[in-house]
>>> print(open('start22.cif').read())   # mmCIF, C-alpha atoms
data_structure
loop_
_atom_site.group_PDB
_atom_site.id
_atom_site.type_symbol
_atom_site.label_atom_id
_atom_site.label_comp_id
_atom_site.auth_asym_id
_atom_site.auth_seq_id
_atom_site.Cartn_x
_atom_site.Cartn_y
_atom_site.Cartn_z
ATOM 1 C CA MET K 12 0.000 0.000 0.000
ATOM 2 C CA GLU K 13 1.263 3.479 -0.829
ATOM 3 C CA LEU K 14 2.425 5.563 2.096
ATOM 4 C CA ALA K 15 -0.163 8.284 1.425
ATOM 5 C CA GLN K 16 -2.945 5.676 1.518
ATOM 6 C CA ARG K 17 -1.648 4.319 4.823
ATOM 7 C CA LEU K 18 -1.611 7.766 6.374
ATOM 8 C CA GLU K 19 -5.121 8.400 5.097
ATOM 9 C CA LYS K 20 -6.206 5.127 6.702
ATOM 10 C CA VAL K 21 -4.805 6.277 10.070
ATOM 11 C CA PHE K 22 -6.863 9.473 9.779
ATOM 12 C CA ILE K 23 -10.055 7.660 8.787
ATOM 13 C CA GLY K 24 -9.543 5.173 11.627
ATOM 14 C CA PHE K 25 -9.216 8.094 14.011
ATOM 15 C CA MET K 26 -12.466 9.723 12.854
ATOM 16 C CA SER K 27 -14.273 6.386 13.106
ATOM 17 C CA THR K 28 -13.010 5.871 16.670
ATOM 18 C CA MET K 29 -14.226 9.309 17.641
ATOM 19 C CA THR K 30 -17.753 8.494 16.476
ATOM 20 C CA THR K 31 -17.739 5.216 18.414
ATOM 21 C CA VAL K 32 -16.532 6.906 21.597
ATOM 22 C CA ASN K 33 -19.281 9.516 21.432
ATOM 23 C CA LEU K 34 -22.044 6.992 20.791
ATOM 24 C CA LYS K 35 -20.848 4.797 23.672
ATOM 25 C CA HIS K 36 -21.159 7.640 26.160
ATOM 26 C CA MET K 37 -24.490 8.799 24.828
ATOM 27 C CA ALA K 38 -25.872 5.261 25.118
ATOM 28 C CA ALA K 39 -24.657 4.961 28.705
ATOM 29 C CA ASP K 40 -26.508 8.124 29.604
ATOM 30 C CA GLN K 41 -29.888 7.327 28.096
ATOM 31 C CA GLY K 42 -31.562 7.482 31.478
ATOM 32 C CA SER K 43 -30.236 10.895 32.412
ATOM 33 C CA ILE K 44 -30.961 14.310 31.001
ATOM 34 C CA TRP K 45 -27.360 15.470 31.116
ATOM 35 C CA PRO K 46 -24.720 13.382 29.230
ATOM 36 C CA ASN K 47 -21.410 12.636 30.933
ATOM 37 C CA THR K 48 -19.632 15.489 29.236
ATOM 38 C CA ARG K 49 -16.448 15.148 31.271
ATOM 39 C CA ALA K 50 -16.004 11.483 30.319
ATOM 40 C CA LEU K 51 -16.855 12.319 26.724
ATOM 41 C CA GLY K 52 -14.225 15.033 26.591
ATOM 42 C CA HIS K 53 -11.636 12.908 28.338
ATOM 43 C CA ASP K 54 -12.157 9.936 26.018
ATOM 44 C CA PHE K 55 -12.195 12.173 22.973
ATOM 45 C CA ALA K 56 -8.879 13.768 23.953
ATOM 46 C CA LYS K 57 -7.353 10.406 24.905
ATOM 47 C CA LYS K 58 -8.267 8.735 21.614
ATOM 48 C CA HIS K 59 -7.090 11.779 19.719
ATOM 49 C CA ILE K 60 -3.697 11.758 21.477
ATOM 50 C CA GLN K 61 -3.309 7.996 20.955
ATOM 51 C CA ASN K 62 -3.908 8.520 17.252
ATOM 52 C CA TRP K 63 -1.585 11.500 17.225
ATOM 53 C CA CYS K 64 1.140 9.339 18.813
ATOM 54 C CA ALA K 65 0.571 6.703 16.094
ATOM 55 C CA TRP K 66 0.996 9.427 13.473
ATOM 56 C CA MET K 67 4.195 10.629 15.151
ATOM 57 C CA ASP K 68 5.498 7.041 15.068
ATOM 58 C CA GLN K 69 4.917 7.086 11.295
ATOM 59 C CA LEU K 70 6.632 10.440 10.911
ATOM 60 C CA LEU K 71 9.627 9.317 12.978
ATOM 61 C CA SER K 72 9.886 6.101 10.926
ATOM 62 C CA LEU K 73 9.929 8.216 7.783
ATOM 63 C CA HIS K 74 12.573 10.430 9.323
ATOM 64 C CA ARG K 75 14.744 7.448 10.172
ATOM 65 C CA SER K 76 14.394 5.705 6.823
ATOM 66 C CA TYR K 77 14.595 8.669 4.470
ATOM 67 C CA PHE K 78 16.532 11.355 6.325
ATOM 68 C CA VAL K 79 18.819 9.679 8.890
ATOM 69 C CA TYR K 80 19.980 6.637 6.932
ATOM 70 C CA ARG K 81 19.813 8.304 3.545
ATOM 71 C CA GLN K 82 20.602 11.682 2.003
ATOM 72 C CA ALA K 83 17.412 13.375 0.902
ATOM 73 C CA THR K 84 17.108 16.011 -1.785
ATOM 74 C CA PRO K 85 16.978 19.645 -0.619
ATOM 75 C CA ALA K 86 13.290 19.831 -1.576
ATOM 76 C CA GLN K 87 12.436 16.682 0.421
ATOM 77 C CA LEU K 88 14.411 17.988 3.366
ATOM 78 C CA LYS K 89 12.623 21.342 3.258
ATOM 79 C CA ASP K 90 9.204 19.638 3.326
ATOM 80 C CA HIS K 91 10.306 17.265 6.054
ATOM 81 C CA LYS K 92 11.599 20.047 8.294
ATOM 82 C CA THR K 93 8.277 21.848 7.929
ATOM 83 C CA ALA K 94 6.395 18.648 8.791
ATOM 84 C CA LEU K 95 8.589 18.081 11.856
ATOM 85 C CA MET K 96 8.115 21.653 13.051
ATOM 86 C CA GLU K 97 4.345 21.504 12.610
ATOM 87 C CA ALA K 98 4.148 18.142 14.388
ATOM 88 C CA LEU K 99 6.302 19.516 17.185
ATOM 89 C CA ARG K 100 4.118 22.604 17.629
ATOM 90 C CA TYR K 101 0.973 20.513 17.753
ATOM 91 C CA GLY K 102 2.544 17.960 20.107
ATOM 92 C CA LEU K 103 3.541 20.762 22.491
ATOM 93 C CA ALA K 104 0.040 22.205 22.325
ATOM 94 C CA ILE K 105 -1.673 18.960 23.289
ATOM 95 C CA ASN K 106 0.973 18.356 25.935
ATOM 96 C CA THR K 107 -0.331 21.408 27.804
ATOM 97 C CA VAL K 108 -3.729 19.692 28.047
ATOM 98 C CA ILE K 109 -2.581 16.185 28.924
ATOM 99 C CA ALA K 110 0.128 17.242 31.408
ATOM 100 C CA GLU K 111 -2.429 18.795 33.794
ATOM 101 C CA PRO K 112 -2.504 16.637 36.969
ATOM 102 C CA ASP K 113 -6.298 16.203 36.851
ATOM 103 C CA TYR K 114 -6.062 14.641 33.395
ATOM 104 C CA ASN K 115 -4.412 11.646 35.084
ATOM 105 C CA GLU K 116 -3.117 9.641 32.129
ATOM 106 C CA PRO K 117 0.569 9.242 33.092
ATOM 107 C CA ASP K 118 1.359 6.555 30.504
ATOM 108 C CA LEU K 119 -0.095 8.581 27.668
ATOM 109 C CA THR K 120 1.606 11.739 28.928
ATOM 110 C CA GLU K 121 4.965 9.984 28.985
ATOM 111 C CA ARG K 122 4.403 8.520 25.532
ATOM 112 C CA LEU K 123 3.589 11.948 24.114
ATOM 113 C CA GLN K 124 6.544 13.604 25.819
ATOM 114 C CA VAL K 125 8.977 10.986 24.469
ATOM 115 C CA ARG K 126 7.618 11.634 20.963
ATOM 116 C CA ILE K 127 8.049 15.394 21.444
ATOM 117 C CA ARG K 128 11.662 14.832 22.500
ATOM 118 C CA GLN K 129 12.254 12.639 19.440
ATOM 119 C CA LEU K 130 10.656 15.195 17.115
ATOM 120 C CA GLN K 131 12.820 17.949 18.578
ATOM 121 C CA ASP K 132 15.929 15.786 18.101
ATOM 122 C CA ALA K 133 14.879 15.014 14.525
ATOM 123 C CA HIS K 134 14.368 18.685 13.770
ATOM 124 C CA ASP K 135 17.645 19.763 15.407
ATOM 125 C CA THR K 136 19.627 17.208 13.388
ATOM 126 C CA PHE K 137 19.149 19.374 10.304
ATOM 127 C CA ASP K 138 18.125 22.786 11.485
ATOM 128 C CA ASP K 139 19.896 23.881 14.628
ATOM 129 C CA ALA K 140 21.226 27.422 14.530
ATOM 130 C CA THR K 141 23.007 26.919 17.867
ATOM 131 C CA LEU K 142 25.318 24.130 16.683
ATOM 132 C CA SER K 143 26.997 23.686 13.307
ATOM 133 C CA ASP K 144 28.344 20.318 12.140
ATOM 134 C CA LYS K 145 31.878 21.673 12.600
ATOM 135 C CA GLN K 146 31.189 22.765 16.184
ATOM 136 C CA ALA K 147 29.676 19.365 16.933
ATOM 137 C CA GLU K 148 32.800 17.661 15.589
ATOM 138 C CA GLU K 149 34.994 19.839 17.794
ATOM 139 C CA VAL K 150 32.951 19.042 20.906
ATOM 140 C CA LEU K 151 33.133 15.309 20.200
ATOM 141 C CA GLN K 152 36.901 15.459 19.599
ATOM 142 C CA ARG K 153 37.353 17.212 22.912
ATOM 143 C CA VAL K 154 35.078 14.944 24.983
ATOM 144 C CA PHE K 155 35.851 11.650 23.227
ATOM 145 C CA PRO K 156 39.492 11.721 22.107
ATOM 146 C CA GLU K 157 40.520 8.829 19.880
ATOM 147 C CA MET W 10 36.042 5.536 17.118
ATOM 148 C CA ASN W 11 36.153 6.261 20.838
ATOM 149 C CA ARG W 12 34.328 3.424 22.657
ATOM 150 C CA GLU W 13 32.287 5.726 24.855
ATOM 151 C CA LEU W 14 31.066 7.696 21.850
ATOM 152 C CA GLU W 15 30.263 4.459 20.036
ATOM 153 C CA ALA W 16 28.207 3.267 23.029
ATOM 154 C CA LEU W 17 26.240 6.523 22.965
ATOM 155 C CA ILE W 18 25.646 6.271 19.218
ATOM 156 C CA LEU W 19 24.417 2.684 19.554
ATOM 157 C CA ALA W 20 22.189 3.667 22.471
ATOM 158 C CA TYR W 21 20.657 6.423 20.352
ATOM 159 C CA GLU W 22 20.229 3.996 17.480
ATOM 160 C CA LYS W 23 17.948 1.946 19.748
ATOM 161 C CA VAL W 24 15.901 5.054 20.504
ATOM 162 C CA SER W 25 15.661 5.819 16.793
ATOM 163 C CA ALA W 26 14.645 2.264 15.876
ATOM 164 C CA SER W 27 11.958 1.844 18.536
ATOM 165 C CA GLN W 28 8.384 2.944 18.927
ATOM 166 C CA ASP W 29 5.755 3.302 21.607
ATOM 167 C CA LYS W 30 6.794 2.533 25.218
ATOM 168 C CA GLU W 31 10.032 0.914 24.129
ATOM 169 C CA ALA W 32 11.267 4.290 22.842
ATOM 170 C CA GLY W 33 10.858 5.817 26.297
ATOM 171 C CA ASN W 34 12.861 3.040 27.920
ATOM 172 C CA TYR W 35 15.693 3.336 25.405
ATOM 173 C CA LEU W 36 15.665 7.111 25.738
ATOM 174 C CA LEU W 37 16.208 6.717 29.483
ATOM 175 C CA VAL W 38 19.209 4.446 28.835
ATOM 176 C CA PHE W 39 20.679 6.969 26.387
ATOM 177 C CA GLU W 40 20.159 9.902 28.765
ATOM 178 C CA SER W 41 21.740 8.036 31.687
ATOM 179 C CA LEU W 42 24.805 7.162 29.563
ATOM 180 C CA LEU W 43 25.076 10.832 28.676
ATOM 181 C CA ASP W 44 24.789 11.785 32.364
ATOM 182 C CA GLY W 45 27.690 9.427 33.064
ATOM 183 C CA VAL W 46 29.852 11.263 30.520
ATOM 184 C CA MET W 47 28.772 14.652 31.889
ATOM 185 C CA GLU W 48 29.971 13.738 35.383
ATOM 186 C CA ARG W 49 33.492 13.625 33.982
ATOM 187 C CA GLN W 50 33.078 16.686 31.735
ATOM 188 C CA PRO W 51 31.872 19.499 33.985
ATOM 189 C CA GLY W 52 32.833 22.250 31.552
ATOM 190 C CA VAL W 53 30.697 20.948 28.698
ATOM 191 C CA SER W 54 27.076 21.892 28.009
ATOM 192 C CA ARG W 55 24.890 18.776 28.237
ATOM 193 C CA ASP W 56 22.581 20.086 25.538
ATOM 194 C CA ILE W 57 25.439 20.752 23.105
ATOM 195 C CA LEU W 58 27.004 17.357 23.798
ATOM 196 C CA ARG W 59 23.635 15.631 23.334
ATOM 197 C CA LYS W 60 23.064 17.347 19.981
ATOM 198 C CA SER W 61 26.624 16.535 18.908
ATOM 199 C CA VAL W 62 26.107 12.834 19.661
ATOM 200 C CA ILE W 63 22.855 12.818 17.693
ATOM 201 C CA LYS W 64 24.640 14.402 14.726
ATOM 202 C CA ALA W 65 27.332 11.711 15.072
ATOM 203 C CA HIS W 66 24.593 9.078 15.084
ATOM 204 C CA ARG W 67 23.350 10.342 11.714
ATOM 205 C CA LYS W 68 26.860 10.275 10.290
ATOM 206 C CA TRP W 69 27.211 6.723 11.567
ATOM 207 C CA ALA W 70 23.822 5.741 10.083
ATOM 208 C CA LEU W 71 24.723 7.149 6.659
ATOM 209 C CA ALA W 72 27.847 4.986 6.640
ATOM 210 C CA GLN W 73 25.973 1.745 7.388
ATOM 211 C CA ASP W 74 25.554 -0.782 4.569
ATOM 212 C CA VAL W 75 22.327 -2.190 5.971
ATOM 213 C CA LYS W 76 19.605 0.440 6.033
ATOM 214 C CA PRO W 77 15.989 0.351 7.204
ATOM 215 C CA PRO W 78 13.386 -0.035 4.428
ATOM 216 C CA THR W 79 12.097 3.176 2.892
ATOM 217 C CA ILE W 80 8.467 2.266 3.573
ATOM 218 C CA PRO W 81 7.945 2.545 7.333
ATOM 219 C CA PRO W 82 6.154 -0.175 9.310
ATOM 220 C CA ARG W 83 2.450 0.182 9.992
ATOM 221 C CA ALA W 84 1.417 2.199 13.047
#
>>> encode(input="start22.cif", output="structure tokens")
Amino acid sequence: MELAQRLEKVFIGFMSTMTTVNLKHMAADQGSIWPNTRALGHDFAKKHIQNWCAWMDQLLSLHRSYFVYRQATPAQLKDHKTALMEALRYGLAINTVIAEPDYNEPDLTERLQVRIRQLQDAHDTFDDATLSDKQAEEVLQRVFPE
Amino acid sequence: MNRELEALILAYEKVSASQDKEAGNYLLVFESLLDGVMERQPGVSRDILRKSVIKAHRKWALAQDVKPPTIPPRA
């Protein structure tokens, strides 16, 4: 299956899960006037973040295969850096929601934060104004002499 | 290659090759190895050293004959 089709499938799977989650909560609340909005919101966010983590796994696999182990073209690299930055921004945004103590999903929080760290590392590999390749070489020579 | 640097590169390779919870565990191993180096290098910025090792990991990866497939595994 083409990569684009796979990614589309992840998105469609996500939307389908969202519908199921909502219906489940509505069915559980048939006897009450007010639906369990807190549980609905929590489940919605949780499923969304789980799917987001799955997408980040895909993006990091792409990064590894195409950009770490192989030399990409400048155009591919430009697109990839943009994708990494956008994924990083969004990951940081949802981290502010999930990291609140009352959200209470420590495993999911840790999983997201590891992905954010990996995305930052991936981005910095190619686009870090604070450290050139030459400077990195010098640091390594100093700390790890042959 | 310096053995300590090689150990760090291989530890980061495990982070790079893993997904889900496994990635977190390997990241902890990598960070603790880096902490060990930092204890003996008080004048060096941890962040700069970390980034330098990750750049070295890429250089190492480019030189490998066996490469991961270009179509990533399913999520």
>>> closest_atom_pairs(input="start22.cif", of="chain K", to="chain W", cutoff="7 Å", atoms="all atoms listed in the file", output="tab-separated table")
residue	atom	partner	partner_atom	distance
K:Ala65	CA	W:Ala84	CA	5.5
K:Asp68	CA	W:Gln28	CA	6.3
K:Gln69	CA	W:Ala84	CA	6.3
K:Ser72	CA	W:Pro81	CA	5.4
K:Leu73	CA	W:Pro81	CA	6.0
K:Arg75	CA	W:Ser25	CA	6.9
K:Ser76	CA	W:Thr79	CA	5.2
K:Tyr77	CA	W:Thr79	CA	6.2
K:Val79	CA	W:Arg67	CA	5.4
K:Tyr80	CA	W:Leu71	CA	4.8
K:Arg81	CA	W:Leu71	CA	5.9
K:Arg122	CA	W:Lys30	CA	6.5
K:Val125	CA	W:Gly33	CA	5.8
K:Thr136	CA	W:Lys64	CA	5.9
K:Ala147	CA	W:Ser61	CA	4.6
K:Val150	CA	W:Leu58	CA	6.8
K:Leu151	CA	W:Ser61	CA	6.7
K:Phe155	CA	W:Asn11	CA	5.9
K:Pro156	CA	W:Asn11	CA	6.5
K:Glu157	CA	W:Asn11	CA	5.2
>>> axis_aligned_box(input="start22.cif", around="stretch 86-94 of chain K", padding_each_side="6 Å", output="JSON")
{"center_x": 10.4, "center_y": 19.3, "center_z": 3.6, "size_x": 20.0, "size_y": 17.2, "size_z": 22.4}
>>> closest_residue(input="start22.cif", among="K:Arg49, K:Lys89, K:Lys57, K:Arg128", to="K:Val108", atoms="only C-alpha atoms")
K:Lys57
>>> atom_distance(input="start22.cif", atom1="atom CA of K:Gln146", atom2="atom CA of W:Leu42")
21.5 Å
>>> atom_distance(input="start22.cif", atom1="atom CA of K:Leu130", atom2="atom CA of K:Glu148")
22.3 Å
>>> atom_distance(input="start22.cif", atom1="atom CA of K:Thr93", atom2="atom CA of K:Arg126")
16.6 Å
>>> resolve_selection(input="start22.cif", expression="the PyMOL selection byres ((chain K and resi 63) around 10)", output="number ranges by chain")
K: 21-22, 25, 57-62, 64-69, 98, 101-102, 105, 123, 126
>>> resolve_selection(input="start22.cif", expression="the PyMOL selection byres ((chain K and resi 138) around 12)", output="PyMOL selection string")
(chain K and resi 88-89+91-93+95-96+131-137+139-144) or (chain W and resi 60+64)
>>> decode(input="start22.cif", residues="stretch 29-81 of chain W", atoms="C-alpha atoms", output="PDB file, in the first residue's frame")
ATOM      1  CA  ASP W  29       5.755   3.302  21.607  1.00  0.00           C
ATOM      2  CA  LYS W  30       6.794   2.533  25.218  1.00  0.00           C
ATOM      3  CA  GLU W  31      10.032   0.914  24.129  1.00  0.00           C
ATOM      4  CA  ALA W  32      11.267   4.290  22.842  1.00  0.00           C
ATOM      5  CA  GLY W  33      10.858   5.817  26.297  1.00  0.00           C
ATOM      6  CA  ASN W  34      12.861   3.040  27.920  1.00  0.00           C
ATOM      7  CA  TYR W  35      15.693   3.336  25.405  1.00  0.00           C
ATOM      8  CA  LEU W  36      15.665   7.111  25.738  1.00  0.00           C
ATOM      9  CA  LEU W  37      16.208   6.717  29.483  1.00  0.00           C
ATOM     10  CA  VAL W  38      19.209   4.446  28.835  1.00  0.00           C
ATOM     11  CA  PHE W  39      20.679   6.969  26.387  1.00  0.00           C
ATOM     12  CA  GLU W  40      20.159   9.902  28.765  1.00  0.00           C
ATOM     13  CA  SER W  41      21.740   8.036  31.687  1.00  0.00           C
ATOM     14  CA  LEU W  42      24.805   7.162  29.563  1.00  0.00           C
ATOM     15  CA  LEU W  43      25.076  10.832  28.676  1.00  0.00           C
ATOM     16  CA  ASP W  44      24.789  11.785  32.364  1.00  0.00           C
ATOM     17  CA  GLY W  45      27.690   9.427  33.064  1.00  0.00           C
ATOM     18  CA  VAL W  46      29.852  11.263  30.520  1.00  0.00           C
ATOM     19  CA  MET W  47      28.772  14.652  31.889  1.00  0.00           C
ATOM     20  CA  GLU W  48      29.971  13.738  35.383  1.00  0.00           C
ATOM     21  CA  ARG W  49      33.492  13.625  33.982  1.00  0.00           C
ATOM     22  CA  GLN W  50      33.078  16.686  31.735  1.00  0.00           C
ATOM     23  CA  PRO W  51      31.872  19.499  33.985  1.00  0.00           C
ATOM     24  CA  GLY W  52      32.833  22.250  31.552  1.00  0.00           C
ATOM     25  CA  VAL W  53      30.697  20.948  28.698  1.00  0.00           C
ATOM     26  CA  SER W  54      27.076  21.892  28.009  1.00  0.00           C
ATOM     27  CA  ARG W  55      24.890  18.776  28.237  1.00  0.00           C
ATOM     28  CA  ASP W  56      22.581  20.086  25.538  1.00  0.00           C
ATOM     29  CA  ILE W  57      25.439  20.752  23.105  1.00  0.00           C
ATOM     30  CA  LEU W  58      27.004  17.357  23.798  1.00  0.00           C
ATOM     31  CA  ARG W  59      23.635  15.631  23.334  1.00  0.00           C
ATOM     32  CA  LYS W  60      23.064  17.347  19.981  1.00  0.00           C
ATOM     33  CA  SER W  61      26.624  16.535  18.908  1.00  0.00           C
ATOM     34  CA  VAL W  62      26.107  12.834  19.661  1.00  0.00           C
ATOM     35  CA  ILE W  63      22.855  12.818  17.693  1.00  0.00           C
ATOM     36  CA  LYS W  64      24.640  14.402  14.726  1.00  0.00           C
ATOM     37  CA  ALA W  65      27.332  11.711  15.072  1.00  0.00           C
ATOM     38  CA  HIS W  66      24.593   9.078  15.084  1.00  0.00           C
ATOM     39  CA  ARG W  67      23.350  10.342  11.714  1.00  0.00           C
ATOM     40  CA  LYS W  68      26.860  10.275  10.290  1.00  0.00           C
ATOM     41  CA  TRP W  69      27.211   6.723  11.567  1.00  0.00           C
ATOM     42  CA  ALA W  70      23.822   5.741  10.083  1.00  0.00           C
ATOM     43  CA  LEU W  71      24.723   7.149   6.659  1.00  0.00           C
ATOM     44  CA  ALA W  72      27.847   4.986   6.640  1.00  0.00           C
ATOM     45  CA  GLN W  73      25.973   1.745   7.388  1.00  0.00           C
ATOM     46  CA  ASP W  74      25.554  -0.782   4.569  1.00  0.00           C
ATOM     47  CA  VAL W  75      22.327  -2.190   5.971  1.00  0.00           C
ATOM     48  CA  LYS W  76      19.605   0.440   6.033  1.00  0.00           C
ATOM     49  CA  PRO W  77      15.989   0.351   7.204  1.00  0.00           C
ATOM     50  CA  PRO W  78      13.386  -0.035   4.428  1.00  0.00           C
ATOM     51  CA  THR W  79      12.097   3.176   2.892  1.00  0.00           C
ATOM     52  CA  ILE W  80       8.467   2.266   3.573  1.00  0.00           C
ATOM     53  CA  PRO W  81       7.945   2.545   7.333  1.00  0.00           C
TER      54      PRO W  81
END
